[in-house]
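Q: Dropping a structure here in structure tokens format, bear with me for questions.
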Amino acid sequence: MASPTAIDADDAALVARLRAGDDAAYEHVVRAYSGRLLAVTRRILGTEEDARDSVQDAFLNAFKSLDRFEGNAKLSTWLHRIAVNAALMKLRRRKRKPEQSIEAMLPSFLDDGHHEERFASWDEPVDKALERAETREIVRKKIEELPDSYRTVLVLRDIEGLDTEEAAKMLGLSPNAAKIRLHRARQALRTLLSPHFRSKAS
Amino acid sequence: MKCRELAEFLMDYVSGDLPEEARAHFEMHLSRCHNCHEYLEQYESTIKAGKIACDDDHALPGDVPEDLVKAILEARKR
């Protein structure tokens with residue numbers, strides 16, 4: 001229990017310096033967290049420019065609401081949540097592009113209810129394959145290829161770790177609609193990843 | 001239960017939300033259908049792959065976008 005308390009004490013001291021308008025503290029916070037927050041907004045938005053704008057929005061929002069930062073919270077968690085919200089806000093405001101259909105990425109079935117495809121096994125366990133940086137990069141790219149409305153729910157649920165209710169609320173969906181979309185997003189991502197994980201022998 | 005239904009119930013099965021009776025049917029099908037077994041494994045692997053690939057401590061250690069840092073600090077002063 002000692003170390004989280006120590007971290008929170010550091011956060012509290014840092015926030016106190018921010019509240020006092022200490023420029024060095026602002027620079028420290030922006031430098032320490034911008035890379036990480038950029039990774040978060042990139043995942044939600046899928047485009048670099050929007051992702052950067054959202055990180056900027058997130059920091060400015062956070063700095064304006066320092067009064068609302070509670071002493072028992074972690075600064076990283078608080079900033080992370082603000083960045084997710086900023087990215088979702090951007091996504092809603094963004095001009096809606098006609099979305100690519102997800103149907104082609106879902107499994108198809110024969111009339112008798114069997115899968116059309118025979119699934120060739122992925123020989124290497126994913127945790128092993130993902131020890132390689134290039135494989136992690138492929139997975140991130142494939143997530144970005146998912147249509148917006150599917151990518152966002154997958155990111156909030158499977159990566160940010162929100163529960164169905166929270167994710168649905170943030171996306172303005174019913175919990176049931178969010179569940180259906182998550183399932184489709186996972187199935188589509190499986191289809192996109194499959195050629196990269198399939199046994200080299202097949 | 002057909003492969004088509006199994007694919008629909010996959011998410012509830014993985015999260016442990018499938019009611020007992022449906023779960024029994026699901027597992028019965030799974031024990032006899034290699035293709036669905038494979039599909040389930042890949043579905044679970046996909047979830048895991050996303051988590052690992054996007055683990056930020058893993059992904060971008062110390063990658064500071066300098067121009068963005070500058071832009072944010074300047075915007076704050078405005």
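Residue names in the structure tokens use chain letters A, B, ... in the order shown, residue numbers from 1 in each chain, and ligand numbers from 1 in the order shown.
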Go through stretch 1-198 of chain A and collect every residue that DSSP, computed from the backbone, puts in helix (DSSP H, G or I); the answer should be as a PyMOL selection string.
A: chain A and resi 2-19+23-45+48-64+66-68+75-93+103-105+126-129+133-145+148-159+164-171+175-197
Q: Taking C-alpha atoms for each residue, export the selection above as a short mmCIF file (atom, residue, chain, number, x, y, z; two decimals), in the first residue's frame.
A:
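Okay, again_4.cif is ready:
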data_model
loop_
_atom_site.label_atom_id
_atom_site.label_comp_id
_atom_site.auth_asym_id
_atom_site.auth_seq_id
_atom_site.Cartn_x
_atom_site.Cartn_y
_atom_site.Cartn_z
CA ALA A 2 2.97 2.30 0.51
CA SER A 3 3.78 2.96 -3.10
CA PRO A 4 0.34 4.06 -4.45
CA THR A 5 0.13 6.50 -1.55
CA ALA A 6 3.55 7.85 -2.48
CA ILE A 7 2.47 8.30 -6.11
CA ASP A 8 -0.72 10.07 -5.07
CA ALA A 9 1.28 12.37 -2.79
CA ASP A 10 3.50 13.27 -5.77
CA ASP A 11 0.40 13.90 -7.88
CA ALA A 12 -1.12 16.09 -5.20
CA ALA A 13 2.07 18.15 -4.97
CA LEU A 14 2.21 18.48 -8.74
CA VAL A 15 -1.42 19.57 -8.96
CA ALA A 16 -0.80 22.12 -6.21
CA ARG A 17 2.01 23.59 -8.34
CA LEU A 18 -0.28 23.66 -11.40
CA ARG A 19 -2.94 25.45 -9.40
CA ASP A 23 5.15 27.05 -15.63
CA ALA A 24 7.72 24.33 -14.99
CA ALA A 25 5.00 22.09 -13.56
CA TYR A 26 2.88 22.60 -16.68
CA GLU A 27 5.78 21.69 -18.91
CA HIS A 28 6.53 18.64 -16.81
CA VAL A 29 2.96 17.34 -17.02
CA VAL A 30 2.57 17.95 -20.75
CA ARG A 31 5.92 16.32 -21.47
CA ALA A 32 5.23 13.34 -19.23
CA TYR A 33 1.77 12.51 -20.53
CA SER A 34 1.37 13.77 -24.10
CA GLY A 35 2.86 10.67 -25.77
CA ARG A 36 0.63 8.35 -23.82
CA LEU A 37 -2.51 10.43 -24.35
CA LEU A 38 -1.72 10.67 -28.05
CA ALA A 39 -1.71 6.87 -28.23
CA VAL A 40 -5.19 6.88 -26.63
CA THR A 41 -6.74 9.50 -28.94
CA ARG A 42 -5.12 7.92 -32.00
CA ARG A 43 -6.84 4.65 -31.21
CA ILE A 44 -10.23 6.31 -30.93
CA LEU A 45 -9.92 8.64 -33.90
CA GLU A 48 -3.06 11.74 -36.60
CA GLU A 49 -4.27 15.32 -36.94
CA ASP A 50 -7.51 14.79 -35.03
CA ALA A 51 -5.63 12.77 -32.42
CA ARG A 52 -3.22 15.67 -31.81
CA ASP A 53 -6.03 18.21 -31.65
CA SER A 54 -7.78 16.06 -29.07
CA VAL A 55 -4.69 15.79 -26.88
CA GLN A 56 -4.43 19.57 -26.93
CA ASP A 57 -8.15 19.91 -26.10
CA ALA A 58 -7.72 17.38 -23.30
CA PHE A 59 -4.84 19.24 -21.64
CA LEU A 60 -6.56 22.60 -21.92
CA ASN A 61 -9.76 21.14 -20.46
CA ALA A 62 -7.81 19.52 -17.66
CA PHE A 63 -5.95 22.74 -16.83
CA LYS A 64 -9.25 24.63 -16.71
CA LEU A 66 -7.88 21.55 -11.92
CA ASP A 67 -10.29 22.44 -9.11
CA ARG A 68 -12.19 19.28 -9.86
CA LEU A 75 -3.32 12.24 -12.23
CA SER A 76 -2.62 9.75 -15.05
CA THR A 77 -6.10 8.17 -14.73
CA TRP A 78 -7.78 11.57 -14.59
CA LEU A 79 -5.96 12.85 -17.70
CA HIS A 80 -6.60 9.58 -19.51
CA ARG A 81 -10.35 9.89 -18.94
CA ILE A 82 -10.37 13.51 -20.11
CA ALA A 83 -8.47 12.50 -23.27
CA VAL A 84 -10.97 9.73 -24.05
CA ASN A 85 -13.81 12.24 -23.71
CA ALA A 86 -12.05 14.83 -25.88
CA ALA A 87 -11.50 12.24 -28.60
CA LEU A 88 -15.11 11.09 -28.52
CA MET A 89 -16.28 14.69 -28.70
CA LYS A 90 -14.07 15.22 -31.75
CA LEU A 91 -15.42 12.06 -33.32
CA ARG A 92 -19.00 13.29 -32.92
CA ARG A 93 -18.17 16.67 -34.43
CA GLU A 103 -20.38 -7.29 -43.32
CA ALA A 104 -17.50 -8.51 -45.47
CA MET A 105 -15.35 -8.89 -42.33
CA VAL A 126 -0.56 -14.31 -29.48
CA ASP A 127 1.35 -13.28 -26.38
CA LYS A 128 4.45 -14.81 -27.97
CA ALA A 129 3.81 -13.16 -31.36
CA ALA A 133 7.25 -4.71 -31.95
CA GLU A 134 6.29 -5.12 -35.61
CA THR A 135 3.46 -7.50 -34.72
CA ARG A 136 2.12 -5.03 -32.14
CA GLU A 137 2.24 -2.38 -34.85
CA ILE A 138 0.26 -4.59 -37.26
CA VAL A 139 -2.43 -5.16 -34.63
CA ARG A 140 -2.72 -1.41 -33.93
CA LYS A 141 -2.98 -0.71 -37.67
CA LYS A 142 -5.71 -3.32 -38.08
CA ILE A 143 -7.69 -1.80 -35.20
CA GLU A 144 -7.43 1.55 -36.99
CA GLU A 145 -8.87 -0.05 -40.13
CA ASP A 148 -15.38 4.24 -36.68
CA SER A 149 -18.51 3.00 -34.94
CA TYR A 150 -17.00 -0.44 -34.38
CA ARG A 151 -13.47 0.68 -33.56
CA THR A 152 -14.66 3.05 -30.82
CA VAL A 153 -16.65 0.43 -28.96
CA LEU A 154 -13.80 -2.09 -29.21
CA VAL A 155 -11.31 0.47 -27.92
CA LEU A 156 -13.49 1.54 -24.99
CA ARG A 157 -14.42 -1.99 -23.92
CA ASP A 158 -11.43 -4.19 -24.71
CA ILE A 159 -8.58 -1.71 -24.46
CA THR A 164 -20.77 -2.16 -21.26
CA GLU A 165 -22.90 0.45 -19.46
CA GLU A 166 -20.13 3.06 -19.34
CA ALA A 167 -19.05 2.52 -22.94
CA ALA A 168 -22.65 2.61 -24.19
CA LYS A 169 -23.28 5.86 -22.34
CA MET A 170 -20.17 7.53 -23.75
CA LEU A 171 -21.14 6.50 -27.26
CA PRO A 175 -26.17 -1.28 -23.78
CA ASN A 176 -27.54 -3.95 -26.09
CA ALA A 177 -26.48 -2.08 -29.23
CA ALA A 178 -23.02 -1.61 -27.72
CA LYS A 179 -22.77 -5.35 -27.05
CA ILE A 180 -23.74 -6.26 -30.61
CA ARG A 181 -21.24 -3.80 -32.03
CA LEU A 182 -18.45 -5.04 -29.79
CA HIS A 183 -19.06 -8.61 -30.90
CA ARG A 184 -18.97 -7.60 -34.57
CA ALA A 185 -15.88 -5.48 -34.06
CA ARG A 186 -14.04 -8.41 -32.48
CA GLN A 187 -15.11 -10.73 -35.28
CA ALA A 188 -14.00 -8.22 -37.90
CA LEU A 189 -10.66 -7.70 -36.18
CA ARG A 190 -10.16 -11.48 -36.10
CA THR A 191 -10.69 -11.55 -39.86
CA LEU A 192 -8.17 -8.75 -40.37
CA LEU A 193 -5.57 -10.33 -38.09
CA SER A 194 -5.94 -13.87 -39.35
CA PRO A 195 -3.58 -13.69 -42.35
CA HIS A 196 -0.84 -12.39 -40.04
CA PHE A 197 -1.19 -15.06 -37.39
#
Q: Which residues, written as a list of chain:residue names, have at least one atom at most 10 Å from B:Ala7, with only C-alpha atoms counted and residues fewer than 5 positions away on the same chain left out?
A: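 Final neighbour list, sorted by chain and number: A:Pro107, A:His115, A:His183, A:Gln187, B:Lys2, B:Tyr13, B:Phe26, B:Cys36, B:Tyr39, B:Leu40, B:Tyr43.
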Q: Save out the residues we just selected, C-alpha atoms, as a PDB file, in the first residue's frame.
A:
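Produced file again_18.pdb, reproduced below:
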ATOM      1  CA  PRO A 107     -18.076 -14.866 -40.833  1.00  0.00           C
ATOM      2  CA  HIS A 115     -19.266 -21.864 -41.359  1.00  0.00           C
ATOM      3  CA  HIS A 183     -19.061  -8.615 -30.899  1.00  0.00           C
ATOM      4  CA  GLN A 187     -15.106 -10.730 -35.275  1.00  0.00           C
TER       5      GLN A 187
ATOM      6  CA  LYS B   2     -25.494 -24.794 -35.295  1.00  0.00           C
ATOM      7  CA  TYR B  13     -19.770 -17.444 -23.583  1.00  0.00           C
ATOM      8  CA  PHE B  26     -22.594 -24.501 -26.696  1.00  0.00           C
ATOM      9  CA  CYS B  36     -15.928 -23.694 -34.127  1.00  0.00           C
ATOM     10  CA  TYR B  39     -12.937 -19.913 -34.204  1.00  0.00           C
ATOM     11  CA  LEU B  40     -13.463 -19.524 -30.452  1.00  0.00           C
ATOM     12  CA  TYR B  43     -11.812 -14.814 -31.098  1.00  0.00           C
TER      13      TYR B  43
END
Q: Counting only C-alpha atoms, which residues of chain B come no farther than 10 Å from chain A, as number ranges by chain?
A: B: 1-12, 33-39, 41-66, 68-73, 75-77
Q: Could you turn the residues from that selection into a file that holds N, CA and C atoms, as a short mmCIF file (atom, residue, chain, number, x, y, z; two decimals), in the first residue's frame?
A:
data_model
loop_
_atom_site.label_atom_id
_atom_site.label_comp_id
_atom_site.auth_asym_id
_atom_site.auth_seq_id
_atom_site.Cartn_x
_atom_site.Cartn_y
_atom_site.Cartn_z
N MET B 1 -27.48 -27.02 -31.56
CA MET B 1 -26.93 -25.70 -31.89
C MET B 1 -26.06 -25.79 -33.15
N LYS B 2 -26.27 -24.83 -34.05
CA LYS B 2 -25.49 -24.79 -35.29
C LYS B 2 -24.30 -23.84 -35.13
N CYS B 3 -23.35 -23.92 -36.05
CA CYS B 3 -22.19 -23.03 -36.01
C CYS B 3 -22.62 -21.56 -36.01
N ARG B 4 -23.66 -21.27 -36.77
CA ARG B 4 -24.15 -19.89 -36.87
C ARG B 4 -24.58 -19.35 -35.49
N GLU B 5 -25.30 -20.19 -34.73
CA GLU B 5 -25.75 -19.76 -33.40
C GLU B 5 -24.57 -19.66 -32.44
N LEU B 6 -23.67 -20.62 -32.58
CA LEU B 6 -22.50 -20.58 -31.71
C LEU B 6 -21.74 -19.27 -31.88
N ALA B 7 -21.62 -18.83 -33.12
CA ALA B 7 -20.91 -17.58 -33.38
C ALA B 7 -21.63 -16.40 -32.73
N GLU B 8 -22.97 -16.47 -32.68
CA GLU B 8 -23.73 -15.40 -32.04
C GLU B 8 -23.53 -15.37 -30.52
N PHE B 9 -23.43 -16.55 -29.93
CA PHE B 9 -23.34 -16.64 -28.47
C PHE B 9 -21.91 -16.51 -27.94
N LEU B 10 -20.96 -16.40 -28.86
CA LEU B 10 -19.55 -16.39 -28.50
C LEU B 10 -19.18 -15.37 -27.41
N MET B 11 -19.69 -14.15 -27.58
CA MET B 11 -19.31 -13.09 -26.65
C MET B 11 -19.82 -13.40 -25.24
N ASP B 12 -21.08 -13.83 -25.15
CA ASP B 12 -21.62 -14.16 -23.84
C ASP B 12 -20.91 -15.36 -23.22
N CYS B 33 -17.15 -29.95 -32.91
CA CYS B 33 -16.88 -29.15 -34.12
C CYS B 33 -15.52 -28.48 -34.01
N HIS B 34 -14.58 -29.04 -34.70
CA HIS B 34 -13.21 -28.51 -34.64
C HIS B 34 -13.15 -27.07 -35.16
N ASN B 35 -13.92 -26.80 -36.20
CA ASN B 35 -13.88 -25.48 -36.82
C ASN B 35 -14.36 -24.39 -35.84
N CYS B 36 -15.42 -24.67 -35.11
CA CYS B 36 -15.93 -23.69 -34.13
C CYS B 36 -14.95 -23.55 -32.96
N HIS B 37 -14.33 -24.66 -32.61
CA HIS B 37 -13.33 -24.62 -31.54
C HIS B 37 -12.20 -23.67 -31.93
N GLU B 38 -11.78 -23.82 -33.17
CA GLU B 38 -10.71 -22.96 -33.71
C GLU B 38 -11.17 -21.49 -33.72
N TYR B 39 -12.41 -21.28 -34.13
CA TYR B 39 -12.94 -19.91 -34.20
C TYR B 39 -12.97 -19.27 -32.82
N GLU B 41 -11.09 -19.98 -30.28
CA GLU B 41 -9.71 -19.67 -29.85
C GLU B 41 -9.20 -18.39 -30.49
N GLN B 42 -9.52 -18.23 -31.78
CA GLN B 42 -9.04 -17.03 -32.47
C GLN B 42 -9.77 -15.77 -31.99
N TYR B 43 -11.03 -15.94 -31.63
CA TYR B 43 -11.81 -14.81 -31.10
C TYR B 43 -11.18 -14.34 -29.78
N GLU B 44 -10.85 -15.31 -28.92
CA GLU B 44 -10.21 -14.96 -27.64
C GLU B 44 -8.82 -14.37 -27.85
N SER B 45 -8.09 -14.93 -28.82
CA SER B 45 -6.75 -14.43 -29.11
C SER B 45 -6.80 -12.99 -29.64
N THR B 46 -7.85 -12.69 -30.38
CA THR B 46 -8.01 -11.34 -30.94
C THR B 46 -8.17 -10.31 -29.82
N ILE B 47 -8.99 -10.65 -28.83
CA ILE B 47 -9.20 -9.73 -27.70
C ILE B 47 -7.87 -9.48 -26.98
N LYS B 48 -7.16 -10.59 -26.77
CA LYS B 48 -5.88 -10.51 -26.08
C LYS B 48 -4.86 -9.69 -26.88
N ALA B 49 -4.83 -9.90 -28.20
CA ALA B 49 -3.88 -9.20 -29.07
C ALA B 49 -4.10 -7.69 -29.00
N GLY B 50 -5.36 -7.28 -29.02
CA GLY B 50 -5.67 -5.85 -28.94
C GLY B 50 -5.16 -5.24 -27.65
N LYS B 51 -5.39 -5.95 -26.55
CA LYS B 51 -4.95 -5.45 -25.24
C LYS B 51 -3.43 -5.31 -25.19
N ILE B 52 -2.73 -6.34 -25.64
CA ILE B 52 -1.26 -6.31 -25.55
C ILE B 52 -0.70 -5.23 -26.48
N ALA B 53 -1.22 -5.17 -27.71
CA ALA B 53 -0.68 -4.23 -28.70
C ALA B 53 -0.88 -2.78 -28.26
N CYS B 54 -1.94 -2.53 -27.50
CA CYS B 54 -2.26 -1.16 -27.11
C CYS B 54 -1.88 -0.85 -25.67
N ASP B 55 -1.13 -1.75 -25.05
CA ASP B 55 -0.63 -1.46 -23.71
C ASP B 55 0.40 -0.33 -23.84
N ASP B 56 0.06 0.84 -23.33
CA ASP B 56 0.88 2.02 -23.62
C ASP B 56 2.29 1.95 -23.03
N ASP B 57 2.43 1.22 -21.93
CA ASP B 57 3.78 1.11 -21.35
C ASP B 57 4.67 0.33 -22.30
N HIS B 58 4.01 -0.58 -23.01
CA HIS B 58 4.67 -1.46 -23.96
C HIS B 58 4.91 -0.72 -25.29
N ALA B 59 3.91 0.11 -25.65
CA ALA B 59 3.87 0.64 -27.01
C ALA B 59 4.83 1.81 -27.27
N LEU B 60 4.75 2.82 -26.44
CA LEU B 60 5.49 4.04 -26.79
C LEU B 60 6.25 4.62 -25.61
N PRO B 61 7.22 3.90 -25.09
CA PRO B 61 7.90 4.43 -23.91
C PRO B 61 8.71 5.67 -24.30
N GLY B 62 8.47 6.75 -23.60
CA GLY B 62 9.30 7.94 -23.76
C GLY B 62 9.21 8.63 -25.11
N ASP B 63 8.15 8.36 -25.86
CA ASP B 63 8.02 9.00 -27.16
C ASP B 63 7.29 10.33 -26.97
N VAL B 64 8.06 11.43 -26.89
CA VAL B 64 7.46 12.73 -26.63
C VAL B 64 7.34 13.53 -27.93
N PRO B 65 6.11 13.85 -28.34
CA PRO B 65 5.93 14.65 -29.55
C PRO B 65 6.23 16.12 -29.26
N GLU B 66 7.50 16.52 -29.50
CA GLU B 66 7.98 17.84 -29.09
C GLU B 66 7.13 19.01 -29.61
N LEU B 68 4.05 19.05 -30.47
CA LEU B 68 2.75 19.07 -29.80
C LEU B 68 2.89 19.65 -28.38
N VAL B 69 3.95 19.25 -27.70
CA VAL B 69 4.21 19.79 -26.34
C VAL B 69 4.28 21.32 -26.41
N LYS B 70 5.03 21.82 -27.37
CA LYS B 70 5.17 23.28 -27.53
C LYS B 70 3.82 23.94 -27.81
N ALA B 71 3.08 23.34 -28.74
CA ALA B 71 1.78 23.92 -29.12
C ALA B 71 0.84 23.99 -27.91
N ILE B 72 0.85 22.95 -27.10
CA ILE B 72 -0.05 22.92 -25.94
C ILE B 72 0.36 23.97 -24.92
N LEU B 73 1.67 24.06 -24.66
CA LEU B 73 2.13 25.04 -23.67
C LEU B 73 1.85 26.48 -24.14
N ALA B 75 -0.66 27.33 -26.24
CA ALA B 75 -2.13 27.51 -26.20
C ALA B 75 -2.61 27.81 -24.79
N ARG B 76 -1.93 27.26 -23.81
CA ARG B 76 -2.31 27.48 -22.42
C ARG B 76 -2.15 28.95 -22.03
N LYS B 77 -1.15 29.60 -22.61
CA LYS B 77 -0.86 30.99 -22.26
C LYS B 77 -1.88 31.94 -22.87
#
